[in-house]
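Everything below belongs to model-v6.tsv, which stores TSV, C-alpha atoms.
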```tsv
chain	number	residue	atom	x	y	z
A	1	LEU	CA	56.27	35.96	-31.83
A	2	THR	CA	52.81	36.77	-30.52
A	3	LEU	CA	51.93	37.80	-26.99
A	4	SER	CA	48.24	38.26	-26.33
A	5	SER	CA	45.78	38.91	-23.58
A	6	ALA	CA	41.99	39.16	-23.49
A	7	ARG	CA	42.31	42.18	-21.21
A	8	PRO	CA	42.87	45.59	-22.85
A	9	GLY	CA	46.08	47.34	-21.80
A	10	ALA	CA	47.39	44.16	-20.18
A	11	TYR	CA	51.04	44.89	-20.90
A	12	SER	CA	53.21	47.62	-19.49
A	13	HIS	CA	55.82	49.48	-21.54
A	14	GLN	CA	58.54	47.40	-19.89
A	15	GLU	CA	56.76	44.13	-20.78
A	16	MET	CA	56.39	45.26	-24.41
A	17	CYS	CA	60.14	46.03	-24.51
A	18	ILE	CA	60.88	42.55	-23.15
A	19	GLY	CA	58.57	41.08	-25.82
A	20	GLN	CA	60.44	42.99	-28.53
A	21	LEU	CA	63.77	41.73	-27.20
A	22	LEU	CA	62.45	38.16	-27.23
A	23	ALA	CA	61.24	38.60	-30.81
A	24	LEU	CA	64.65	39.96	-31.80
A	25	GLN	CA	66.38	36.94	-30.22
A	26	VAL	CA	64.07	34.57	-32.11
A	27	ALA	CA	64.82	36.43	-35.36
A	28	ILE	CA	68.57	36.19	-34.73
A	29	ALA	CA	68.28	32.47	-33.94
A	30	LEU	CA	66.33	31.86	-37.17
A	31	LYS	CA	68.87	33.82	-39.23
A	32	ASN	CA	71.77	31.95	-37.61
A	33	THR	CA	70.07	28.63	-38.38
A	34	ALA	CA	69.67	29.62	-42.03
A	35	LEU	CA	73.33	30.73	-42.20
A	36	PHE	CA	74.43	27.46	-40.61
A	37	ASP	CA	72.36	25.41	-43.08
A	38	ASN	CA	73.81	27.40	-45.97
A	39	ALA	CA	77.35	26.89	-44.65
A	40	GLN	CA	76.72	23.14	-44.33
A	41	LYS	CA	75.54	23.00	-47.95
A	42	ARG	CA	78.65	24.87	-49.14
A	43	ILE	CA	80.92	22.54	-47.14
A	44	THR	CA	79.21	19.56	-48.79
A	45	GLN	CA	79.76	21.15	-52.20
A	46	ILE	CA	83.46	21.71	-51.48
A	47	GLU	CA	83.81	18.12	-50.26
A	48	LEU	CA	82.14	16.95	-53.47
A	49	VAL	CA	84.58	18.94	-55.61
A	50	ASN	CA	87.49	17.41	-53.68
A	51	GLU	CA	86.05	13.90	-54.04
A	52	ILE	CA	85.62	14.30	-57.80
A	53	ALA	CA	89.12	15.82	-58.09
A	54	GLU	CA	90.57	12.76	-56.32
A	55	LYS	CA	88.78	10.47	-58.76
A	56	LEU	CA	89.94	12.55	-61.72
A	57	THR	CA	93.55	12.11	-60.70
A	58	SER	CA	93.17	8.39	-59.93
A	59	THR	CA	92.13	7.27	-63.42
A	60	LEU	CA	92.53	8.26	-67.02
A	61	GLU	CA	89.35	6.46	-68.16
A	62	LEU	CA	86.92	9.19	-69.24
A	63	ASP	CA	83.83	6.97	-68.91
A	64	GLU	CA	84.80	6.02	-65.37
A	65	ILE	CA	85.43	9.66	-64.41
A	66	LEU	CA	82.09	10.85	-65.83
A	67	ASP	CA	80.08	7.97	-64.32
A	68	SER	CA	81.70	8.59	-60.96
A	69	ALA	CA	81.04	12.34	-61.15
A	70	ALA	CA	77.35	11.82	-62.02
A	71	GLU	CA	76.87	9.28	-59.22
A	72	THR	CA	78.73	11.39	-56.65
A	73	ILE	CA	76.73	14.52	-57.45
A	74	ARG	CA	73.40	12.65	-57.32
A	75	LYS	CA	74.15	10.87	-54.05
A	76	ASN	CA	75.78	13.74	-52.15
A	77	PHE	CA	73.03	16.23	-52.95
A	78	ASN	CA	70.18	13.73	-53.14
A	79	TYR	CA	69.15	14.89	-56.62
A	80	PHE	CA	66.70	12.88	-58.67
A	81	ASP	CA	68.68	12.41	-61.87
A	82	VAL	CA	72.15	13.45	-63.13
A	83	THR	CA	73.36	13.03	-66.70
A	84	VAL	CA	76.42	14.02	-68.70
A	85	PHE	CA	76.12	14.57	-72.44
A	86	LEU	CA	79.04	15.04	-74.83
A	87	VAL	CA	78.73	17.15	-77.98
A	88	THR	CA	79.19	15.65	-81.44
A	89	ARG	CA	79.29	18.82	-83.55
A	90	GLN	CA	79.46	17.13	-86.96
A	91	GLU	CA	76.23	15.25	-86.25
A	92	GLY	CA	74.65	18.15	-84.34
A	93	GLN	CA	73.87	15.80	-81.47
A	94	LEU	CA	74.50	15.21	-77.82
A	95	VAL	CA	75.42	11.71	-76.67
A	96	LEU	CA	74.61	10.54	-73.17
A	97	VAL	CA	77.85	9.20	-71.70
A	98	ALA	CA	77.10	9.11	-67.95
A	99	HIS	CA	73.86	8.70	-66.04
A	100	SER	CA	72.90	8.27	-62.42
A	101	GLY	CA	69.35	8.29	-61.21
A	102	ASN	CA	65.85	7.21	-61.94
A	103	TYR	CA	65.74	7.28	-65.74
A	104	VAL	CA	68.74	5.05	-66.47
A	105	ASP	CA	66.53	2.54	-68.30
A	106	PHE	CA	64.73	5.19	-70.33
A	107	LEU	CA	67.89	7.16	-71.18
A	108	PRO	CA	70.65	4.52	-71.57
A	109	HIS	CA	74.31	5.05	-72.42
A	110	GLY	CA	74.56	6.20	-76.01
A	111	TYR	CA	71.15	7.92	-76.06
A	112	ARG	CA	71.26	10.73	-78.62
A	113	GLN	CA	69.52	14.07	-78.60
A	114	SER	CA	69.58	16.90	-81.11
A	115	MET	CA	71.51	19.99	-80.07
A	116	SER	CA	68.45	22.01	-81.12
A	117	GLU	CA	66.16	20.34	-78.57
A	118	GLY	CA	65.49	20.93	-74.92
A	119	ILE	CA	67.34	22.72	-72.17
A	120	VAL	CA	70.42	20.54	-72.63
A	121	GLY	CA	70.50	21.30	-76.35
A	122	TRP	CA	70.17	25.04	-75.73
A	123	VAL	CA	73.06	24.96	-73.23
A	124	SER	CA	75.23	23.04	-75.70
A	125	THR	CA	74.69	25.61	-78.47
A	126	HIS	CA	74.80	28.78	-76.35
A	127	GLY	CA	77.47	27.83	-73.80
A	128	GLN	CA	75.52	29.30	-70.88
A	129	LYS	CA	74.00	27.58	-67.88
A	130	ILE	CA	70.28	27.31	-67.33
A	131	LEU	CA	68.79	27.17	-63.85
A	132	ALA	CA	65.08	26.36	-64.27
A	133	ASN	CA	63.59	26.07	-60.79
A	134	ASP	CA	60.17	25.42	-62.35
A	135	VAL	CA	60.55	23.61	-65.67
A	136	THR	CA	56.91	24.27	-66.58
A	137	GLU	CA	57.86	27.92	-66.99
A	138	ASP	CA	60.72	27.22	-69.43
A	139	PRO	CA	59.56	26.63	-73.02
A	140	ARG	CA	62.83	24.82	-73.82
A	141	TYR	CA	62.02	22.01	-71.37
A	142	MET	CA	61.20	18.71	-73.08
A	143	ALA	CA	58.32	17.24	-71.07
A	144	TYR	CA	57.84	13.50	-70.95
A	145	GLU	CA	54.72	11.77	-69.66
A	146	TYR	CA	56.66	9.69	-67.13
A	147	HIS	CA	58.75	12.57	-65.82
A	148	SER	CA	58.29	14.03	-62.38
A	149	THR	CA	61.06	16.61	-62.88
A	150	LYS	CA	60.22	20.01	-61.44
A	151	SER	CA	63.66	21.71	-61.45
A	152	GLU	CA	66.59	21.43	-63.84
A	153	LEU	CA	70.12	22.78	-63.79
A	154	ALA	CA	72.16	22.41	-66.98
A	155	ILE	CA	75.78	23.55	-67.07
A	156	PRO	CA	78.10	23.63	-70.10
A	157	ILE	CA	81.34	21.67	-69.86
A	158	LEU	CA	83.97	23.87	-71.47
A	159	VAL	CA	87.45	23.12	-72.81
A	160	ASP	CA	89.32	26.16	-74.11
A	161	GLN	CA	86.03	28.14	-74.25
A	162	GLU	CA	84.40	25.47	-76.43
A	163	VAL	CA	81.37	23.53	-75.18
A	164	VAL	CA	82.29	19.84	-75.23
A	165	GLY	CA	79.44	18.61	-73.08
A	166	VAL	CA	76.64	19.39	-70.65
A	167	LEU	CA	76.15	18.38	-67.04
A	168	ASN	CA	72.40	18.09	-66.46
A	169	VAL	CA	70.88	17.78	-62.98
A	170	GLU	CA	67.15	17.26	-62.40
A	171	ASP	CA	65.08	17.13	-59.24
A	172	THR	CA	61.48	16.45	-58.29
A	173	ARG	CA	61.35	19.50	-56.00
A	174	LEU	CA	60.49	23.01	-57.16
A	175	HIS	CA	63.32	25.50	-56.53
A	176	ALA	CA	65.81	22.71	-55.85
A	177	PHE	CA	68.82	24.78	-56.98
A	178	ASP	CA	70.45	28.13	-56.26
A	179	GLU	CA	73.19	30.08	-58.03
A	180	THR	CA	76.03	28.43	-56.07
A	181	ASP	CA	74.86	24.98	-57.16
```
Structure rendered as structure tokens:
Amino acid sequence: LTLSSARPGAYSHQEMCIGQLLALQVAIALKNTALFDNAQKRITQIELVNEIAEKLTSTLELDEILDSAAETIRKNFNYFDVTVFLVTRQEGQLVLVAHSGNYVDFLPHGYRQSMSEGIVGWVSTHGQKILANDVTEDPRYMAYEYHSTKSELAIPILVDQEVVGVLNVEDTRLHAFDETD
């Protein structure tokens, strides 16, 4: 908040105090707006978890569950691309089993990737998430000429502490994700 005058000493002490109070009110309003936006995002995330949980209990078809989860995540959060890979340990590969987004033609069902390649491969072998809000700064990122991905979030899917798959979310915006995502 800026108050200005071309005349030196134009403001009294009382007017400067009023200006400070106005600035404080603006700061509080901005903080409240940020808190409200954050709360809205968390509510959307909780709704998404509930929606996926409903679908999980309504079918026993794994392909249908995973496709639905990928599509729901992409649509509700407006992400660019969401994929689910399952681990095939004997072959040392990841198999794409669900995909929603812009690269469905390039990465079709059944696409295979080595567990030693890329962010998704690293997550599958180490069992830890990767949040790369600027993929150009992560040497594990596999860059493709056609890609416009700027941020990537890869999360291991665990069953009894064993990585059985990876949920991979990509977006065209830098810093698209935070820790709660």
Task: Gly101 (chain A) environment, 12 Å, all atoms listed in the file, sequence neighbours closer than 2 positions dropped, as a list in words - done: Asp67, Ala70, Glu71, Thr72, Ile73, Arg74, Lys75, Asn78, Tyr79, Phe80, Asp81, Val82, Thr83, Val84, Ala98, His99, Tyr103, Val104, Asp105, Phe106, Leu107, Pro108, Thr149, Asn168, Val169, Glu170, Asp171 and Thr172 of chain A
For those residues, write C-alpha atoms to a file as a compact mmCIF listing (two decimals), in the frame of the given file.
```
# COMPACT_ATOMS: atom_id res chain seq x y z
CA ASP A 67 80.08 7.97 -64.32
CA ALA A 70 77.35 11.82 -62.02
CA GLU A 71 76.87 9.28 -59.22
CA THR A 72 78.73 11.39 -56.65
CA ILE A 73 76.73 14.52 -57.45
CA ARG A 74 73.40 12.65 -57.32
CA LYS A 75 74.15 10.87 -54.05
CA ASN A 78 70.18 13.73 -53.14
CA TYR A 79 69.15 14.89 -56.62
CA PHE A 80 66.70 12.88 -58.67
CA ASP A 81 68.68 12.41 -61.87
CA VAL A 82 72.15 13.45 -63.13
CA THR A 83 73.36 13.03 -66.70
CA VAL A 84 76.42 14.02 -68.70
CA ALA A 98 77.10 9.11 -67.95
CA HIS A 99 73.86 8.70 -66.04
CA TYR A 103 65.74 7.28 -65.74
CA VAL A 104 68.74 5.05 -66.47
CA ASP A 105 66.53 2.54 -68.30
CA PHE A 106 64.73 5.19 -70.33
CA LEU A 107 67.89 7.16 -71.18
CA PRO A 108 70.65 4.52 -71.57
CA THR A 149 61.06 16.61 -62.88
CA ASN A 168 72.40 18.09 -66.46
CA VAL A 169 70.88 17.78 -62.98
CA GLU A 170 67.15 17.26 -62.40
CA ASP A 171 65.08 17.13 -59.24
CA THR A 172 61.48 16.45 -58.29
```
- [ ] Could you check which of A:Leu131, A:Ala39, A:Ala69, A:Leu30 is closest to Glu51 (chain A), using only C-alpha atoms?
- [x]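 Among the listed residues, the smallest separation from Glu51 (chain A) belongs to A:Ala69.
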- [ ] In Å, rounded to a single decimal, give me how far CA of Asn76 (chain A) is from CA of Glu47 (chain A).
- [x]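 Taking CA of Glu47 (chain A) and CA of Asn76 (chain A), their separation equals 9.3 Å.
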Open item on the list: Need the shell around Pro156 (chain A): protein/DNA/RNA residues with any atom at most 10 Å away, counting all atoms listed in the file. Skip same-chain ones fewer than 4 positions apart. Format as a VMD selection string?
Closed with: chain A and resid 84 to 86 120 122 to 130 162 to 168
Open item on the list: Could you list, as a list of chain:residue names, every residue within 7 Å of Asn133 (chain A), counting only C-alpha atoms and ignoring same-chain residues fewer than 4 positions away?
Closed with: A:Lys150, A:Ser151, A:Glu152, A:Leu174, A:His175, A:Ala176, A:Phe177
Open item on the list: Quick one: residues within 12 Å of Ser4 (chain A), only C-alpha atoms, excluding same-chain residues fewer than 3 positions away - as a ChimeraX atom specification?
Closed with: /A:1,7-11,15-16,19
- [ ] Figure out the distance between CA of Leu62 (chain A) and CA of Asn50 (chain A), please, to one decimal in Å.
- [x]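 Distance reported for this atom pair: 17.6 Å.
Here CA of Glu91 (chain A) is placed at a distance of 24.4 Å from CA of Glu64 (chain A).
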TODO: Please identify all polymer residues within 7 Å of Tyr141 (chain A), counting only C-alpha atoms, omitting same-chain residues fewer than 3 positions from it, and present them as a ChimeraX atom specification.
DONE: /A:118-119,135,138
Where is the centre and how long are the edges: axis-aligned box on region 81-98 of chain A, 3 Å on each side, Å to one decimal, as AutoDock Vina command-line options:
```
--center_x 74.1 --center_y 14.0 --center_z -74.4 --size_x 16.8 --size_y 15.7 --size_z 31.1
```
TODO: Between A:Cys17, A:Ala132, A:Val87, A:Ile65, single out the one closest to Leu153 (chain A), counting only C-alpha atoms.
DONE: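 That would be A:Ala132, the residue with the smallest distance to Leu153 (chain A).
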